[in-house]
Each structure stands twice: as structure tokens, then as C-alpha cells.
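K.L.:
So that you have it, the file is entry-v2.txt, and it contains compact mmCIF, C-alpha atoms:
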# COMPACT_ATOMS: atom_id res chain seq x y z
CA MET A 690 72.99 -25.62 5.29
CA LYS A 691 69.74 -24.82 3.44
CA ILE A 692 67.76 -26.41 6.22
CA LEU A 693 69.61 -24.44 8.87
CA LEU A 694 69.16 -21.20 6.93
CA TRP A 695 65.38 -21.84 6.62
CA VAL A 696 65.11 -22.54 10.32
CA VAL A 697 66.89 -19.28 11.08
CA LEU A 698 64.95 -17.21 8.56
CA THR A 699 61.49 -18.63 9.17
CA PRO A 700 60.84 -16.62 12.37
CA VAL A 701 62.02 -13.51 10.58
CA VAL A 702 59.74 -14.15 7.61
CA LEU A 703 56.79 -14.83 9.86
CA LEU A 704 57.50 -11.70 11.83
CA VAL A 705 57.59 -9.62 8.65
CA LEU A 706 54.38 -11.18 7.39
CA ALA A 707 52.65 -10.63 10.71
CA ALA A 708 53.85 -7.05 10.78
CA GLY A 709 52.51 -6.57 7.25
CA VAL A 710 49.07 -7.95 8.15
CA TYR A 711 49.00 -5.82 11.29
CA PHE A 712 50.04 -2.76 9.28
CA LEU A 713 47.34 -3.41 6.67
CA LYS A 714 44.74 -3.95 9.40
CA ALA A 715 45.80 -0.69 11.02
CA ILE A 716 45.39 1.14 7.72
CA VAL A 717 41.88 -0.26 7.16
CA GLU A 718 40.77 0.41 10.74
CA GLY A 719 42.27 3.87 10.58
CA ALA A 720 40.41 4.62 7.40
CA ILE A 721 37.12 3.42 8.89
CA GLU A 722 37.69 5.40 12.04
CA GLY A 723 38.66 8.44 10.01
CA TRP A 724 35.43 8.08 8.01
CA ARG A 725 33.43 7.77 11.19
CA SER A 726 35.01 10.81 12.72
CA ASP A 727 35.00 12.86 9.53
CA PRO A 728 34.02 16.35 10.70
CA GLU A 729 32.22 17.03 7.42
CA ALA A 730 30.22 13.81 7.69
CA GLU A 731 29.33 14.54 11.30
CA GLU A 732 28.31 18.06 10.38
CA ALA A 733 26.15 16.77 7.53
CA ALA A 734 24.46 14.27 9.86
CA ALA A 735 23.81 17.00 12.41
CA LYS A 736 22.33 19.26 9.74
CA ALA A 737 20.13 16.41 8.51
CA ALA A 738 18.78 15.85 12.01
CA GLU A 739 18.16 19.58 12.38
CA ARG A 740 16.41 19.68 9.03
CA VAL A 741 14.07 16.81 9.91
CA ALA A 742 13.34 18.30 13.34
CA ALA A 743 12.70 21.78 11.88
CA LEU A 744 10.14 20.33 9.50
CA GLY A 745 8.31 18.71 12.40
CA LEU A 746 8.61 15.24 10.88
CA LEU A 747 7.78 12.34 13.16
CA PRO A 748 10.10 9.46 14.12
CA ALA A 749 9.36 5.89 13.08
CA GLU A 750 7.81 4.96 16.41
CA ARG A 751 5.14 7.64 15.94
CA GLN A 752 4.04 6.53 12.47
CA HIS A 753 0.56 4.96 12.34
CA THR A 754 0.94 1.64 10.53
CA GLU A 755 -2.76 0.86 9.93
CA LEU A 756 -3.96 4.10 8.31
CA SER A 757 -2.76 6.03 5.27
CA ALA A 758 -4.06 9.35 6.64
CA PRO A 759 -6.01 10.72 9.62
CA GLN A 760 -9.37 9.03 9.92
CA PRO A 761 -12.50 11.24 9.81
CA ARG A 762 -13.86 11.79 13.30
CA ALA A 763 -17.26 10.37 12.34
CA MET A 764 -15.55 7.16 11.24
CA THR A 765 -13.59 6.94 14.48
CA VAL A 766 -16.82 7.37 16.46
CA ALA A 767 -18.64 4.76 14.37
CA VAL A 768 -15.85 2.19 14.79
CA ALA A 769 -15.65 2.75 18.55
CA ALA A 770 -19.44 2.51 18.87
CA ALA A 771 -19.57 -0.70 16.83
CA ARG A 772 -16.94 -2.31 19.01
CA ALA A 773 -19.09 -1.34 22.00
CA GLY A 774 -22.16 -2.94 20.37
CA ASP A 775 -23.87 0.21 19.06
CA TRP A 776 -24.67 0.11 15.33
CA ALA A 777 -26.45 3.48 15.05
CA PRO A 778 -23.41 5.67 14.18
CA ALA A 779 -22.36 3.25 11.44
CA ALA A 780 -25.86 3.20 10.02
CA ALA A 781 -25.97 7.00 10.04
CA LEU A 782 -22.70 7.16 8.10
CA LEU A 783 -23.92 4.81 5.38
CA ASP A 784 -27.33 6.53 5.22
CA GLU A 785 -25.53 9.82 4.62
CA THR A 786 -23.34 8.48 1.80
CA ALA A 787 -26.40 6.96 0.12
CA ALA A 788 -28.26 10.28 0.33
CA THR A 789 -25.34 12.26 -1.06
CA ARG A 790 -24.37 9.54 -3.56
CA ASP A 791 -20.80 9.71 -2.33
CA TRP A 792 -19.77 6.27 -3.52
CA GLU A 793 -16.06 6.75 -2.86
CA ARG A 794 -16.67 7.54 0.78
CA ARG A 795 -19.32 4.84 1.08
CA THR A 796 -16.95 2.05 0.05
CA ALA A 797 -14.18 3.55 2.20
CA TYR A 798 -16.47 3.51 5.26
CA VAL A 799 -17.68 -0.01 4.52
CA GLU A 800 -14.11 -1.29 4.28
CA LYS A 801 -13.26 0.01 7.78
CA LEU A 802 -16.50 -1.17 9.35
CA ALA A 803 -16.32 -4.58 7.66
CA ASP A 804 -12.99 -5.22 9.33
CA VAL A 805 -14.65 -4.59 12.72
CA ALA A 806 -17.60 -6.85 11.88
CA ALA A 807 -15.28 -9.65 10.78
CA GLU A 808 -13.90 -9.70 14.34
CA ASP A 809 -17.29 -9.51 16.09
CA ASP A 810 -20.56 -9.07 14.19
CA ALA A 811 -22.98 -8.89 17.15
CA TRP A 812 -23.61 -5.19 16.49
CA LEU A 813 -24.23 -5.86 12.79
CA SER A 814 -26.69 -8.64 13.63
CA ALA A 815 -28.53 -6.22 15.92
CA TRP A 816 -28.67 -3.69 13.09
CA GLU A 817 -30.09 -6.31 10.70
CA ALA A 818 -32.71 -7.29 13.27
CA ALA A 819 -33.75 -3.69 13.89
CA ARG A 820 -33.80 -2.66 10.22
CA PRO A 821 -34.48 -5.67 7.97
CA ASP A 822 -33.56 -5.16 4.34
CA ASP A 823 -31.43 -2.13 5.16
CA PRO A 824 -29.13 -1.44 2.17
CA GLY A 825 -26.21 -0.41 4.38
CA ALA A 826 -26.46 -3.45 6.62
CA ALA A 827 -26.72 -5.82 3.64
CA LEU A 828 -23.69 -4.22 2.02
CA LEU A 829 -21.70 -4.44 5.23
CA ARG A 830 -22.70 -8.08 5.77
CA ALA A 831 -21.36 -9.08 2.35
CA ARG A 832 -18.13 -7.13 2.73
CA SER A 833 -17.48 -8.39 6.27
CA SER A 834 -17.90 -11.99 5.10
CA VAL A 835 -15.17 -11.38 2.51
CA PHE A 836 -12.93 -9.96 5.23
CA LEU A 837 -13.70 -12.97 7.44
CA ALA A 838 -12.81 -15.39 4.65
CA TRP A 839 -9.41 -13.78 4.13
CA LYS A 840 -8.78 -13.79 7.88
CA VAL A 841 -9.54 -17.54 7.91
CA ARG A 842 -7.10 -18.11 5.09
CA GLY A 843 -4.33 -16.04 6.67
CA SER A 844 -1.74 -13.89 4.94
CA LYS A 845 0.91 -16.52 4.19
CA ARG A 846 1.65 -17.93 0.74
CA ALA A 847 -0.22 -21.02 -0.44
CA ALA A 848 2.68 -23.33 0.42
CA HIS A 849 2.38 -22.29 4.05
CA THR A 850 -1.43 -22.36 4.27
CA THR A 851 -3.13 -25.50 5.61
CA SER A 852 -5.88 -27.42 3.85
CA GLU A 853 -8.22 -26.54 6.73
CA GLN A 854 -7.53 -22.84 6.15
CA PHE A 855 -8.21 -23.18 2.44
CA GLU A 856 -11.42 -25.12 3.07
CA GLY A 857 -12.70 -22.50 5.51
CA PHE A 858 -11.65 -19.72 3.16
CA HIS A 859 -13.53 -21.11 0.17
CA ARG A 860 -16.59 -22.08 2.22
CA THR A 861 -16.89 -18.59 3.72
CA LEU A 862 -16.15 -16.82 0.46
CA ALA A 863 -18.69 -18.90 -1.47
CA ARG A 864 -21.55 -17.54 0.60
CA THR A 865 -20.58 -13.99 -0.24
CA ARG A 866 -21.85 -14.49 -3.79
CA HIS A 867 -25.40 -14.62 -2.42
CA GLU A 868 -24.73 -11.82 0.06
CA HIS A 869 -23.41 -9.47 -2.63
CA ALA A 870 -26.38 -10.31 -4.86
CA ARG A 871 -28.75 -9.43 -2.01
CA ALA A 872 -26.88 -6.18 -1.31
CA ALA A 873 -27.21 -5.30 -5.00
CA GLU A 874 -30.97 -5.94 -4.91
CA LEU A 875 -31.38 -3.67 -1.88
CA ALA A 876 -28.94 -0.97 -3.00
CA VAL A 877 -30.12 2.55 -3.74
CA PRO A 878 -30.15 3.32 -7.48
CA GLY A 879 -26.70 4.02 -8.88
CA ASP A 880 -24.71 2.52 -6.00
CA PRO A 881 -21.76 0.47 -7.31
CA SER A 882 -20.64 -0.64 -3.84
CA PRO A 883 -21.99 -4.23 -3.85
CA TYR A 884 -20.19 -4.94 -7.12
CA VAL A 885 -16.98 -3.33 -5.90
CA GLY A 886 -16.99 -5.65 -2.90
CA GLU A 887 -17.62 -8.68 -5.12
CA ILE A 888 -14.29 -8.20 -6.89
CA TRP A 889 -12.54 -9.73 -3.88
CA THR A 890 -14.86 -12.71 -4.07
CA ALA A 891 -13.82 -12.98 -7.72
CA ILE A 892 -10.16 -12.85 -6.75
CA GLY A 893 -10.48 -15.46 -4.01
CA LEU A 894 -12.67 -17.91 -5.93
CA GLY A 895 -10.94 -17.38 -9.24
CA TYR A 896 -13.82 -16.09 -11.34
CA PRO A 897 -13.14 -16.49 -15.07
CA HIS A 898 -12.36 -13.35 -17.03
CA GLU A 899 -15.85 -13.25 -18.56
CA GLU A 900 -17.43 -13.09 -15.09
CA MET A 901 -15.04 -10.35 -14.04
CA HIS A 902 -16.00 -8.36 -17.13
CA ARG A 903 -19.66 -8.70 -16.07
CA ILE A 904 -18.89 -7.26 -12.62
CA TRP A 905 -16.85 -4.48 -14.21
CA ASP A 906 -19.74 -3.47 -16.48
CA ASP A 907 -22.03 -3.29 -13.45
CA ILE A 908 -19.55 -0.97 -11.72
CA THR A 909 -18.57 1.34 -14.56
CA SER A 910 -22.18 1.85 -15.67
CA ARG A 911 -22.74 3.38 -12.23
CA ALA A 912 -19.34 4.93 -11.35
CA PRO A 913 -16.81 4.86 -14.22
CA HIS A 914 -13.89 6.30 -12.22
CA HIS A 915 -14.32 4.72 -8.80
CA TYR A 916 -10.91 4.45 -7.10
CA GLU A 917 -11.43 1.38 -4.90
CA ALA A 918 -13.09 -0.46 -7.78
CA HIS A 919 -10.08 0.17 -9.99
CA PHE A 920 -7.60 -0.75 -7.28
CA SER A 921 -9.40 -4.04 -6.59
CA ALA A 922 -9.83 -4.88 -10.27
CA LEU A 923 -6.16 -4.16 -10.93
CA GLN A 924 -5.29 -6.76 -8.29
CA TYR A 925 -7.45 -9.30 -10.17
CA TRP A 926 -5.62 -8.55 -13.43
CA CYS A 927 -2.14 -8.80 -11.86
CA GLY A 928 0.04 -11.78 -12.58
CA LYS A 929 -0.09 -12.90 -8.94
CA TRP A 930 -3.84 -13.54 -9.25
CA HIS A 931 -5.73 -14.10 -12.49
CA GLY A 932 -4.01 -11.93 -15.08
CA SER A 933 -0.53 -10.97 -16.17
CA GLN A 934 1.79 -7.99 -16.27
CA GLU A 935 0.49 -7.14 -19.75
CA LEU A 936 -3.18 -7.33 -18.75
CA ALA A 937 -2.61 -5.30 -15.59
CA ARG A 938 -0.71 -2.61 -17.45
CA ALA A 939 -3.32 -2.41 -20.21
CA PHE A 940 -6.10 -2.06 -17.63
CA ALA A 941 -4.21 0.66 -15.74
CA VAL A 942 -3.23 2.67 -18.82
CA LYS A 943 -6.82 2.58 -20.14
CA ALA A 944 -8.20 3.76 -16.78
CA ALA A 945 -5.75 6.67 -16.66
CA ALA A 946 -6.30 7.69 -20.28
CA GLU A 947 -10.09 7.83 -20.03
CA ALA A 948 -10.41 9.65 -16.70
CA PRO A 949 -10.83 13.38 -16.08
CA PRO A 950 -8.30 15.21 -13.84
CA GLY A 951 -8.79 14.80 -10.12
CA THR A 952 -10.13 11.23 -10.21
CA LEU A 953 -6.70 9.82 -9.26
CA MET A 954 -6.86 7.19 -11.99
CA THR A 955 -3.30 8.06 -13.02
CA ALA A 956 -2.08 6.20 -9.92
CA PHE A 957 -2.85 2.85 -11.52
CA PRO A 958 -0.02 2.70 -14.07
CA LEU A 959 2.33 3.28 -11.11
CA ILE A 960 0.63 0.54 -9.07
CA ALA A 961 0.76 -1.88 -12.01
CA HIS A 962 4.48 -1.14 -12.35
CA PHE A 963 5.04 -1.63 -8.63
CA GLU A 964 3.17 -4.95 -8.51
CA HIS A 965 5.34 -6.46 -11.25
CA ASP A 966 8.71 -4.81 -10.59
CA GLU A 967 11.24 -7.48 -9.60
CA SER A 968 14.34 -5.44 -10.42
CA ASP A 969 16.95 -4.52 -7.82
CA SER A 970 17.84 -1.39 -9.78
CA ALA A 971 16.09 1.98 -9.70
CA ASP A 972 16.87 2.37 -13.40
CA VAL A 973 13.48 0.84 -14.25
CA ASP A 974 11.85 3.65 -12.27
CA ARG A 975 13.77 6.38 -14.12
CA THR A 976 12.66 5.77 -17.69
CA PRO A 977 10.95 8.52 -19.70
CA GLU A 978 7.71 6.54 -19.39
CA MET A 979 7.96 6.43 -15.59
CA TYR A 980 8.83 10.13 -15.36
CA ALA A 981 5.72 10.88 -17.41
CA ALA A 982 3.58 8.57 -15.26
CA VAL A 983 4.75 10.25 -12.05
CA ASP A 984 4.17 13.72 -13.52
CA ALA A 985 0.65 12.74 -14.55
CA ALA A 986 -0.11 11.45 -11.05
CA LEU A 987 1.28 14.65 -9.52
CA ALA A 988 -1.05 16.75 -11.67
CA ASP A 989 -3.97 14.44 -10.85
CA ALA A 990 -3.34 14.73 -7.11
CA ALA A 991 -3.16 18.51 -7.39
CA ALA A 992 -6.53 18.56 -9.18
CA ALA A 993 -8.26 16.18 -6.75
CA ASP A 994 -10.69 17.17 -4.02
CA PRO A 995 -8.50 17.61 -0.89
CA ASP A 996 -11.06 15.48 0.97
CA HIS A 997 -10.93 12.59 -1.50
CA PRO A 998 -10.72 9.50 0.75
CA ARG A 999 -7.97 7.93 -1.40
CA LEU A 1000 -5.80 10.98 -2.04
CA ALA A 1001 -3.33 10.11 0.73
CA GLU A 1002 -2.73 6.68 -0.82
CA VAL A 1003 -1.69 8.34 -4.07
CA ARG A 1004 0.60 10.74 -2.21
CA HIS A 1005 2.39 7.82 -0.52
CA LEU A 1006 2.99 6.27 -3.92
CA LEU A 1007 4.19 9.58 -5.34
CA ALA A 1008 6.61 10.11 -2.45
CA TYR A 1009 8.13 6.69 -3.12
CA TYR A 1010 8.62 7.13 -6.86
CA LEU A 1011 9.80 10.74 -6.60
CA TYR A 1012 12.40 9.50 -4.12
CA LEU A 1013 13.53 6.75 -6.50
CA GLN A 1014 13.81 9.33 -9.25
CA GLU A 1015 15.90 11.56 -6.94
CA ARG A 1016 13.44 14.42 -7.30
CA TRP A 1017 14.06 15.50 -3.75
CA GLU A 1018 11.95 18.64 -3.34
CA PRO A 1019 8.68 17.23 -4.69
CA ALA A 1020 9.35 13.94 -2.89
CA LEU A 1021 9.77 15.77 0.41
CA GLU A 1022 6.54 17.68 -0.18
CA GLN A 1023 4.58 14.43 -0.60
CA PHE A 1024 6.28 12.88 2.44
CA ARG A 1025 5.33 15.91 4.54
CA LEU A 1026 1.69 15.73 3.45
CA VAL A 1027 1.31 12.13 4.67
CA ASP A 1028 3.79 12.09 7.56
CA GLY A 1029 2.55 10.17 10.58
CA TYR A 1030 0.80 7.43 8.59
CA VAL A 1031 2.33 4.52 6.67
CA GLY A 1032 -0.62 2.18 6.10
CA ALA A 1033 -0.41 2.37 2.30
CA LEU A 1034 1.54 1.16 -0.70
CA PRO A 1035 4.46 0.73 -0.89
CA TRP A 1036 5.22 0.70 2.84
CA ARG A 1037 2.74 -1.99 3.82
CA TYR A 1038 4.63 -4.43 1.61
CA ARG A 1039 7.77 -3.84 3.69
CA GLY A 1040 8.93 -5.67 6.81
CA ASP A 1041 9.51 -2.35 8.55
CA PRO A 1042 7.04 0.08 6.95
CA ALA A 1043 7.69 2.98 9.34
CA GLY A 1044 11.45 2.56 9.13
CA GLU A 1045 11.46 2.50 5.31
CA PHE A 1046 9.17 5.51 5.12
CA CYS A 1047 11.35 7.55 7.49
CA ARG A 1048 14.60 6.53 5.81
CA MET A 1049 13.45 7.68 2.37
CA ARG A 1050 11.73 10.76 3.79
CA ASP A 1051 14.83 11.87 5.70
CA GLU A 1052 17.11 11.28 2.74
CA SER A 1053 14.79 13.41 0.61
CA ALA A 1054 14.90 16.15 3.25
CA VAL A 1055 18.69 16.15 3.40
CA ASN A 1056 19.18 16.21 -0.36
CA ALA A 1057 16.49 18.85 -0.83
CA ALA A 1058 18.27 21.07 1.71
CA ALA A 1059 21.58 20.50 -0.07
CA GLY A 1060 20.07 21.75 -3.32
CA GLU A 1061 20.56 18.47 -5.14
CA ALA A 1062 17.08 18.31 -6.60
CA ILE A 1063 16.92 17.11 -10.17
CA PRO A 1064 15.02 19.54 -12.45
Rewrite the structure from the file as C-alpha cells, please.
P.N.:
Amino acid sequence: MKILLWVVLTPVVLLVLAAGVYFLKAIVEGAIEGWRSDPEAEEAAAKAAERVAALGLLPAERQHTELSAPQPRAMTVAVAAARAGDWAPAAALLDETAATRDWERRTAYVEKLADVAAEDDAWLSAWEAARPDDPGAALLRARSSVFLAWKVRGSKRAAHTTSEQFEGFHRTLARTRHEHARAAELAVPGDPSPYVGEIWTAIGLGYPHEEMHRIWDDITSRAPHHYEAHFSALQYWCGKWHGSQELARAFAVKAAAEAPPGTLMTAFPLIAHFEHDESDSADVDRTPEMYAAVDAALADAAAADPDHPRLAEVRHLLAYYLYLQERWEPALEQFRLVDGYVGALPWRYRGDPAGEFCRMRDESAVNAAAGEAIP
């Protein structure tokens, strides 16, 4: 009797269970569909799109991924001429920075031109032949050899780098010690540029701390608040290279504390934090210390020369941390000032730099329009 009853009831039970699963599925799907078709959500999305469009902000596909800001026309001309085999515009640029003692711009120009020479140095060789012992050419030769060494190594982690790549990397980098020394001998008085470039030789070859301190003394005796020098040295002191989180932070805090307004040195505590932040939570970016660091960098950027060649890099960093701190209005302002360019920290560490930049920028725009800015 029990067996017969179970046989009779089983289809009924299964039918009820199936109906229950179907009913639950319908509820879930209905909720999702209701969320998707929520008039308020659709209206908010439409307003967000209107807000972004009204501000003239560019889509991800129109973001320049190699530059942090528009490149000076003279630099664009010099790069194009060098690729065509003409060294004269590049030489004129470096002659000008030596005459004006604009060391920030000099190292910025050398970095761009060195990348070109690392691909094809025929134009640089022609320059060296035409003007032997030229300080600009010697500086560019040393820096381009460093770029070449890192290109030989590749950008992958050590576990995925071949022994041949490492051998070529160290062989090429070793010769830059002599090239930087020669550039320093030929440099105009007061130019820190050869020593700034040598920091990346120190990073690659693993100079001991005492040797790095020697390079640093050579730099700071000539230019105590040089941005690229500090950025490069901070990389050396990071845990991923030859320092630690504590050493990097100490270096960054000291640089910021000793610098006058407008030198952008207050960016380095933020960079040191970024380089060592392994947390998945934004709580570490919303501490009183981090609020103070961001505020200091904001004031520093406001005091800087608008033509400072590194100002845009600081604005990218500010946009990122202001976003993480949900300070929507000031975040949006920084995003607007650098829109169209994403070749800077933190975006260049991302798999989709333009997409990440636009996502955070647009969210800042929407929340700023909604009046949700945090005081």
C-alpha cells in the first residue's frame, strides 16, 4: 500500500517541486528585468550620458595611451625629424634647455628622444659625427642605451624572461655606466641630467645603497627638487626593486616635507602608497593621512607652473585618489584637465587604461551632478 501510494504521489510531488523552481526562477528573472527596465535607473543613465557629453569628455577609443598630456609642438617636430633621420631639431631643443637651465624640460625631452633612438639610432650617430663631444648627444646616447637594455629584457616578470634576454639586458646596461660618466664630463655646469639617467642603470644592475646615495648627492647638489629624479629614485627604493615599503615611504615623505610649493614633490607619498598598496579595499585610501596627502598634492599642483612638464602626471594621480575618496567635484576637475591622455600612473598599470580612466571619470561626473560630493 505504501509503495502504491508513493508511486501515485511521486508525479504530484515532482510537479509541485518543478512548479516551485519555475516560480522562483520567474521571480528572480522578473526582478532582474524590473531592475533593467527601472525608469529611474534608465533616466539616471541617460542623464549621466548627457552630463559626460555636455562636458565634452572623450570616449575610451579617443584616449591617447602613450602620453600623459599634449606634447609640445617642438617635441613633436623633433621626434618626427629624428625618425626621418634629421637630428637638428632635437639638438636645438637640448641646446635651448641647456642655455635656459631648464633641467626638468631637458630630462623630459631626453626621455622621449631616447625612446626613438633605442629603435633606430642612425640619426643620433650622425649627430655625434657632426658635433663630437656635444653634451646633448652624449646625454641622449647614455639614456637611449638604458632604454635599449630594457627593451632587450622585455616587460615580463623574471620568471617569464629568458636567460638570453637577461644576458643582453645586463651587457647593454653595463656599458651605460661609461656613457653616463662621459655625459657627466661633457655636461654644462649644474646639469643633473646624466645622473638622473644613471638611476635606471642603478635599478637594473642593482647598485648597492651606498652607490645610489652617491648618485643622489650628485643630483640634489645641482637640482634638489627635480621631479624625474625623485620619481626614478623612488622606484629604486621600492620593495619591488632594491628597497622596501618603509624606505620608499621615508624617501617620499622627506622629499615632500623639504620642497617649496609648486615643485610637485607632494606627489611622491601618493606614489609610494600606490606602489605598495595590495589591498582590495578603498579604506586604506580614506585614512586621515591619505586625505592630508591628497590635499597637499592638490595645493602643490595649484601652485605649480602650468607649463611644468610633469604637472599632468600629478593630476592623473590626484584624479584617481580623489575618486577613491569619493570627492566627486575635485576628482572631476582633475579628470577634465587631463582628459584625452592616459599614459600615466595609475592607468598605465591597468590592462585597459583608457577604459578604467573613463569609468572612474564618468562616475565622478554623475555623482558630482547629483550633488553627492563629500565636503
K.L.:
Which residues come within 9 Å of Arg866 (chain A), counting all atoms listed in the file, excluding same-chain residues fewer than 3 positions away, as a list in words?
P.N.:
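Final neighbour list, sorted by chain and number: Ala831, Leu862, Ala863, His869, Ala870, Arg871, Glu887 and Thr890 of chain A.
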K.L.:
Do you have the CA of Asp1041 (chain A)-CA of Ile888 (chain A) distance handy?
P.N.:
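It comes out at 29.0 Å.
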K.L.:
So which one's closest to Thr789 (chain A), A:Ser921, A:Asp880, A:Ser933, A:Tyr1030? Using only C-alpha atoms, please.
P.N.:
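Distance minimum relative to Thr789 (chain A) lands on A:Asp880.
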K.L.:
Quick one: residues within 9 Å of Pro748 (chain A), only C-alpha atoms, excluding same-chain residues fewer than 5 positions away - as a VMD selection string?
P.N.:
chain A and resid 1029 1043 to 1044 1047
K.L.:
Which distance in Å separates CA of Tyr1038 (chain A) and CA of Glu755 (chain A), to one decimal?
P.N.:
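These atoms are spaced 12.3 Å apart.
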K.L.:
If you count all atoms listed in the file, which residues fall within 7 Å of region 845-861 of chain A, apart from same-chain ones fewer than 5 positions away, as a list in words?
P.N.:
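Non-adjacent residues within range: Ser834, Ala838, Trp839 and Leu894 of chain A.
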K.L.:
Just the number, please: distance in Å from CA of Ala1020 (chain A) to CA of Glu967 (chain A), one decimal.
P.N.:
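One can read the CA of Ala1020 (chain A) to CA of Glu967 (chain A) distance as 22.5 Å.
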K.L.:
Skip His902 (chain A) itself and residues of its chain fewer than 3 positions away, then list as a PyMOL selection string all residues within 12 Å of it, counting all atoms listed in the file.
P.N.:
chain A and resi 884+888+891+896-899+905-909+922+925-926+940
K.L.:
Which centre and edge lengths in Å to one decimal define the box along x, y and z that fits every listed atom of region 895-903 of chain A plus 6 Å per side, as AutoDock Vina command-line options?
P.N.:
--center_x -15.3 --center_y -12.9 --center_z -13.9 --size_x 20.7 --size_y 21.0 --size_z 21.3
K.L.:
Find the residues near Ala742 (chain A): any atom within 12 Å, counting all atoms listed in the file, skip ones fewer than 6 places away on the same chain, and give them as a ChimeraX atom specification.
P.N.:
/A:735-736,748,1051,1054-1055
K.L.:
Closest to Asp784 (chain A) among A:Ala826, A:Ala815, A:Met954, A:Ala806, using all atoms listed in the file?
P.N.:
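Using all atoms listed in the file, Asp784 (chain A) sits closest to A:Ala826.
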K.L.:
Between A:Ala749, A:Trp930, A:Lys943, A:Asp810, single out the one closest to Gly895 (chain A), counting only C-alpha atoms.
P.N.:
A:Trp930
